[in-house]
file structure-v8.cif (mmCIF, C-alpha atoms and all ligand atoms)
data_start
#
loop_
_atom_site.label_atom_id
_atom_site.label_comp_id
_atom_site.auth_asym_id
_atom_site.auth_seq_id
_atom_site.Cartn_x
_atom_site.Cartn_y
_atom_site.Cartn_z
CA MET A 1 8.27 9.45 16.38
CA ALA A 2 5.52 10.85 14.17
CA LYS A 3 4.83 8.96 10.98
CA TRP A 4 5.27 10.72 7.65
CA TRP A 5 1.50 10.80 7.11
CA GLU A 6 1.03 12.61 10.43
CA LYS A 7 3.14 15.49 9.16
CA GLU A 8 1.47 16.09 5.81
CA PRO A 9 -2.19 15.73 4.86
CA LEU A 10 -3.25 12.78 2.73
CA ARG A 11 -6.08 12.76 0.24
CA PHE A 12 -8.14 9.82 -0.87
CA GLU A 13 -11.44 9.24 -2.63
CA CYS A 14 -12.54 5.87 -3.98
CA GLN A 15 -13.48 6.33 -7.64
CA ALA A 16 -16.91 5.34 -8.89
CA ASP A 17 -16.88 2.37 -11.29
CA CYS A 18 -13.22 1.57 -10.61
CA TYR A 19 -13.25 -1.74 -8.65
CA LYS A 20 -9.62 -2.45 -9.55
CA CYS A 21 -8.91 -3.67 -6.02
CA CYS A 22 -11.82 -6.15 -6.25
CA VAL A 23 -10.34 -7.72 -9.38
CA LYS A 24 -6.66 -7.81 -8.49
CA PRO A 25 -5.51 -11.37 -7.68
CA GLY A 26 -4.96 -11.94 -3.99
CA ILE A 27 -6.75 -12.93 -0.81
CA VAL A 28 -9.32 -11.16 1.34
CA HIS A 29 -9.18 -12.01 5.03
CA PHE A 30 -12.38 -12.51 7.01
CA ASP A 31 -12.04 -12.64 10.79
CA ARG A 32 -14.81 -13.95 13.01
CA GLU A 33 -16.55 -10.57 13.17
CA ASP A 34 -16.31 -10.07 9.38
CA ILE A 35 -17.82 -13.51 8.83
CA ARG A 36 -20.73 -12.90 11.20
CA LYS A 37 -21.44 -9.47 9.69
CA ALA A 38 -21.35 -10.68 6.07
CA ALA A 39 -23.38 -13.81 6.90
CA ASP A 40 -26.04 -11.68 8.64
CA PHE A 41 -26.14 -9.35 5.64
CA LEU A 42 -26.66 -12.28 3.28
CA LYS A 43 -29.17 -13.83 5.71
CA THR A 44 -27.20 -17.01 6.11
CA SER A 45 -25.24 -18.63 8.93
CA PRO A 46 -21.51 -18.11 9.53
CA ALA A 47 -20.97 -21.84 8.89
CA GLU A 48 -22.77 -21.71 5.57
CA PHE A 49 -20.98 -18.50 4.59
CA LYS A 50 -17.60 -20.12 5.25
CA LYS A 51 -18.57 -23.27 3.37
CA THR A 52 -19.80 -21.33 0.35
CA PHE A 53 -17.22 -18.58 -0.02
CA LEU A 54 -14.11 -19.09 2.08
CA THR A 55 -11.10 -21.35 2.35
CA ARG A 56 -8.60 -21.87 5.14
CA ASP A 57 -5.14 -20.37 4.65
CA GLU A 58 -2.45 -20.56 7.34
CA GLY A 59 -5.07 -20.52 10.10
CA TYR A 60 -7.15 -17.71 8.57
CA TRP A 61 -10.45 -17.72 6.72
CA VAL A 62 -9.89 -16.12 3.33
CA LEU A 63 -11.66 -15.49 0.06
CA GLU A 64 -9.47 -16.04 -2.96
CA VAL A 65 -9.69 -13.40 -5.68
CA GLY A 66 -8.37 -13.67 -9.20
CA GLU A 67 -8.31 -17.42 -9.65
CA LYS A 68 -8.48 -17.98 -13.40
CA GLY A 69 -8.95 -14.23 -13.82
CA ALA A 70 -12.24 -14.14 -11.91
CA PRO A 71 -12.95 -11.06 -9.75
CA CYS A 72 -14.07 -11.25 -6.12
CA SER A 73 -17.22 -13.37 -5.89
CA PHE A 74 -19.02 -10.44 -4.25
CA LEU A 75 -18.36 -7.96 -7.04
CA THR A 76 -21.50 -6.98 -8.97
CA ASP A 77 -22.16 -4.44 -11.73
CA GLN A 78 -23.12 -1.98 -9.01
CA GLY A 79 -19.99 -2.59 -6.92
CA CYS A 80 -19.43 -4.66 -3.80
CA GLY A 81 -22.46 -6.87 -3.21
CA ILE A 82 -21.81 -6.86 0.54
CA HIS A 83 -20.77 -3.20 0.76
CA PRO A 84 -22.44 -2.42 4.13
CA ALA A 85 -20.90 -5.60 5.54
CA LYS A 86 -17.59 -5.74 3.67
CA PRO A 87 -14.63 -7.09 5.67
CA LYS A 88 -12.18 -4.82 7.46
CA GLN A 89 -9.49 -5.50 4.88
CA CYS A 90 -11.66 -3.96 2.13
CA GLU A 91 -13.09 -1.25 4.36
CA SER A 92 -9.65 0.02 5.28
CA TYR A 93 -8.02 -0.10 1.82
CA PRO A 94 -5.69 1.59 0.86
CA PHE A 95 -4.77 2.47 4.47
CA TRP A 96 -2.92 -0.77 5.19
CA ARG A 97 0.31 -0.89 7.19
CA GLU A 98 2.35 -2.08 4.22
CA ASN A 99 1.03 0.81 2.09
CA MET A 100 1.62 3.44 4.76
CA ASP A 101 5.18 2.48 5.68
CA SER A 102 6.72 5.26 3.63
CA LYS A 103 5.69 8.02 1.26
CA PRO A 104 7.34 6.28 -1.74
CA MET A 105 5.27 3.18 -0.94
CA TRP A 106 2.08 5.26 -0.76
CA LYS A 107 2.97 6.83 -4.13
CA LEU A 108 3.63 3.37 -5.56
CA VAL A 109 0.18 2.20 -4.46
CA GLY A 110 -1.14 5.38 -6.09
CA GLY A 111 0.09 3.99 -9.39
CA PHE A 112 -2.51 1.25 -8.98
CA CYS A 113 -5.32 2.98 -7.07
CA PRO A 114 -6.65 6.09 -8.85
CA GLY A 115 -8.29 7.33 -5.63
CA ILE A 116 -4.96 8.10 -3.97
CA ASP A 117 -3.93 11.76 -3.68
CA ILE A 118 -7.26 13.15 -4.81
CA GLY A 119 -10.52 14.03 -3.04
CA PRO A 120 -10.92 15.17 0.55
CA MET A 121 -8.20 15.08 3.16
CA VAL A 122 -8.27 12.07 5.46
CA SER A 123 -7.65 12.87 9.11
CA VAL A 124 -4.81 11.29 11.05
CA LYS A 125 -7.42 9.92 13.47
CA LYS A 126 -9.21 8.14 10.63
CA ILE A 127 -5.97 6.73 9.22
CA LYS A 128 -5.06 5.41 12.67
CA SER A 129 -8.46 3.75 13.02
CA PHE A 130 -8.02 2.04 9.62
CA LEU A 131 -4.54 0.84 10.61
CA LYS A 132 -6.00 -0.67 13.78
CA LYS A 133 -8.80 -2.37 11.88
CA PHE A 134 -6.69 -4.42 9.50
CA THR A 135 -3.46 -5.75 10.96
CA HIS A 136 -2.36 -8.55 8.63
S1 LIG A 201 -8.50 0.75 -6.65
FE1 LIG A 201 -8.79 2.55 -5.33
S2 LIG A 201 -10.26 3.87 -6.42
FE2 LIG A 201 -10.33 1.83 -7.33
S3 LIG A 201 -12.03 0.80 -6.25
FE3 LIG A 201 -10.12 0.28 -5.20
S4 LIG A 201 -9.95 1.82 -3.57
FE4 LIG A 201 -11.43 2.59 -5.02
S1 LIG A 202 -15.64 -8.07 -0.59
FE1 LIG A 202 -16.43 -6.35 -1.77
S2 LIG A 202 -14.92 -4.69 -1.51
FE2 LIG A 202 -13.94 -6.62 -0.91
S3 LIG A 202 -12.88 -7.36 -2.74
FE3 LIG A 202 -14.91 -8.30 -2.69
S4 LIG A 202 -16.24 -6.97 -3.90
FE4 LIG A 202 -14.38 -5.81 -3.38
#

call {"tool": "encode", "arguments": {"input": "structure-v8.cif", "output": "structure tokens", "more": "lines below"}}
Ligand code: SF4
Ligand code: SF4
result
Amino acid sequence: MAKWWEKEPLRFECQADCYKCCVKPGIVHFDREDIRKAADFLKTSPAEFKKTFLTRDEGYWVLEVGEKGAPCSFLTDQGCGIHPAKPKQCESYPFWRENMDSKPMWKLVGGFCPGIDIGPMVSVKKIKSFLKKFTH
């Protein structure tokens, strides 16, 4: 059966100077590919990257955001400091399974993320590729 977002077009455009999702307390998952990509970008090794930035949580490598009110360690005044190599979780936001489950859920997320429901339409193909990227 077609999903609700396959039947009506969705709009999204990340807003300049927002960064709310990089400050919100939570965890950012890094899989093996994310770690290698970010480590390459920072010109370090995956082992060093893990040691410096990540912790182990239920079998996953994660970066903790919001501890003692601190934003993501990669957030700079100009935005994400690893933008070209940001992990799939960040790349695919807000198109996560939990956010796409129903239209009311999408609207609820829109109460947090000001980029939801404005800007250009996002194709069903693109939404599906985001959903495949981040599966936690
Ligand atoms: S909360 Fe939404 S608009 Fe703001 S930075 Fe995150 S994705 Fe972009
Ligand atoms: S890695 Fe980049 S995009 Fe992801 S939360 Fe941190 S600063 Fe934001």

call {"tool": "residues_near_ligand", "arguments": {"input": "structure-v8.cif", "ligand": "ligand LIG 201 (chain A)", "cutoff": "12 Å", "atoms": "all atoms listed in the file", "output": "PyMOL selection string"}}
result
chain A and resi 11-24+75+78-80+83+89-96+109-119

call {"tool": "closest_residue", "arguments": {"input": "structure-v8.cif", "among": "A:Val28, A:Met100, A:Met105, A:Leu131", "to": "Pro71 in chain A", "atoms": "only C-alpha atoms"}}
result
A:Val28

call {"tool": "atom_distance", "arguments": {"input": "structure-v8.cif", "atom1": "CA of Ile35 in chain A", "atom2": "CA of Asn99 in chain A"}}
result
24.6 Å

call {"tool": "closest_residue", "arguments": {"input": "structure-v8.cif", "among": "A:Val122, A:Leu108, A:Ile27, A:Leu10", "to": "Leu63 in chain A", "atoms": "all atoms listed in the file"}}
result
A:Ile27

call {"tool": "closest_residue", "arguments": {"input": "structure-v8.cif", "among": "A:Glu6, A:Glu48, A:Asp40, A:Asp34", "to": "ligand LIG 202 (chain A)", "atoms": "only C-alpha atoms and all ligand atoms"}}
result
A:Asp34

call {"tool": "closest_residue", "arguments": {"input": "structure-v8.cif", "among": "A:Ser102, A:Ser123, A:Thr135, A:Ser73", "to": "ligand LIG 202 (chain A)", "atoms": "all atoms listed in the file"}}
result
A:Ser73

call {"tool": "closest_residue", "arguments": {"input": "structure-v8.cif", "among": "A:Arg36, A:His136, A:Lys128, A:His29", "to": "ligand LIG 202 (chain A)", "atoms": "all atoms listed in the file"}}
result
A:His29

call {"tool": "atom_distance", "arguments": {"input": "structure-v8.cif", "atom1": "CA of Lys51 in chain A", "atom2": "CA of Phe74 in chain A"}}
result
14.9 Å

call {"tool": "atom_distance", "arguments": {"input": "structure-v8.cif", "atom1": "CA of Phe53 in chain A", "atom2": "atom FE2 of ligand LIG 202 (chain A)"}}
result
12.4 Å

call {"tool": "closest_residue", "arguments": {"input": "structure-v8.cif", "among": "A:Lys133, A:Trp4, A:Lys125, A:Cys72", "to": "ligand LIG 202 (chain A)", "atoms": "all atoms listed in the file"}}
result
A:Cys72

call {"tool": "build_atoms", "arguments": {"input": "structure-v8.cif", "residues": "range 54-70 of chain A", "atoms": "N, CA and C atoms", "output": "PDB file, in the coordinates of the input"}}
result
ATOM      1  N   LEU A  54     -15.461 -19.237   1.544  1.00  0.00           N
ATOM      2  CA  LEU A  54     -14.110 -19.090   2.080  1.00  0.00           C
ATOM      3  C   LEU A  54     -13.299 -20.383   2.051  1.00  0.00           C
ATOM      4  N   THR A  55     -11.982 -20.204   2.170  1.00  0.00           N
ATOM      5  CA  THR A  55     -11.100 -21.350   2.350  1.00  0.00           C
ATOM      6  C   THR A  55     -10.179 -21.028   3.523  1.00  0.00           C
ATOM      7  N   ARG A  56      -9.507 -22.052   4.012  1.00  0.00           N
ATOM      8  CA  ARG A  56      -8.600 -21.870   5.140  1.00  0.00           C
ATOM      9  C   ARG A  56      -7.190 -21.678   4.615  1.00  0.00           C
ATOM     10  N   ASP A  57      -6.501 -20.634   5.111  1.00  0.00           N
ATOM     11  CA  ASP A  57      -5.140 -20.370   4.650  1.00  0.00           C
ATOM     12  C   ASP A  57      -4.293 -19.967   5.854  1.00  0.00           C
ATOM     13  N   GLU A  58      -3.349 -20.816   6.206  1.00  0.00           N
ATOM     14  CA  GLU A  58      -2.450 -20.560   7.340  1.00  0.00           C
ATOM     15  C   GLU A  58      -3.206 -20.113   8.588  1.00  0.00           C
ATOM     16  N   GLY A  59      -4.308 -20.809   8.872  1.00  0.00           N
ATOM     17  CA  GLY A  59      -5.070 -20.520  10.100  1.00  0.00           C
ATOM     18  C   GLY A  59      -6.089 -19.413   9.965  1.00  0.00           C
ATOM     19  N   TYR A  60      -6.180 -18.795   8.772  1.00  0.00           N
ATOM     20  CA  TYR A  60      -7.150 -17.710   8.570  1.00  0.00           C
ATOM     21  C   TYR A  60      -8.212 -18.134   7.572  1.00  0.00           C
ATOM     22  N   TRP A  61      -9.401 -17.542   7.731  1.00  0.00           N
ATOM     23  CA  TRP A  61     -10.450 -17.720   6.720  1.00  0.00           C
ATOM     24  C   TRP A  61     -10.244 -16.653   5.658  1.00  0.00           C
ATOM     25  N   VAL A  62     -10.134 -17.077   4.416  1.00  0.00           N
ATOM     26  CA  VAL A  62      -9.890 -16.120   3.330  1.00  0.00           C
ATOM     27  C   VAL A  62     -10.769 -16.402   2.115  1.00  0.00           C
ATOM     28  N   LEU A  63     -10.971 -15.363   1.341  1.00  0.00           N
ATOM     29  CA  LEU A  63     -11.660 -15.490   0.060  1.00  0.00           C
ATOM     30  C   LEU A  63     -10.588 -15.264  -1.002  1.00  0.00           C
ATOM     31  N   GLU A  64     -10.493 -16.172  -1.924  1.00  0.00           N
ATOM     32  CA  GLU A  64      -9.470 -16.040  -2.960  1.00  0.00           C
ATOM     33  C   GLU A  64     -10.022 -15.244  -4.133  1.00  0.00           C
ATOM     34  N   VAL A  65      -9.271 -14.243  -4.551  1.00  0.00           N
ATOM     35  CA  VAL A  65      -9.690 -13.400  -5.680  1.00  0.00           C
ATOM     36  C   VAL A  65      -8.709 -13.605  -6.828  1.00  0.00           C
ATOM     37  N   GLY A  66      -9.249 -13.674  -8.030  1.00  0.00           N
ATOM     38  CA  GLY A  66      -8.370 -13.670  -9.200  1.00  0.00           C
ATOM     39  C   GLY A  66      -8.014 -15.039  -9.727  1.00  0.00           C
ATOM     40  N   GLU A  67      -8.595 -16.084  -9.123  1.00  0.00           N
ATOM     41  CA  GLU A  67      -8.310 -17.420  -9.650  1.00  0.00           C
ATOM     42  C   GLU A  67      -8.888 -17.512 -11.056  1.00  0.00           C
ATOM     43  N   LYS A  68      -8.087 -17.886 -11.976  1.00  0.00           N
ATOM     44  CA  LYS A  68      -8.480 -17.980 -13.400  1.00  0.00           C
ATOM     45  C   LYS A  68      -9.063 -16.645 -13.889  1.00  0.00           C
ATOM     46  N   GLY A  69      -8.536 -15.552 -13.351  1.00  0.00           N
ATOM     47  CA  GLY A  69      -8.950 -14.230 -13.820  1.00  0.00           C
ATOM     48  C   GLY A  69     -10.294 -13.757 -13.289  1.00  0.00           C
ATOM     49  N   ALA A  70     -10.919 -14.540 -12.419  1.00  0.00           N
ATOM     50  CA  ALA A  70     -12.240 -14.140 -11.910  1.00  0.00           C
ATOM     51  C   ALA A  70     -12.102 -13.070 -10.825  1.00  0.00           C
TER      52      ALA A  70
END
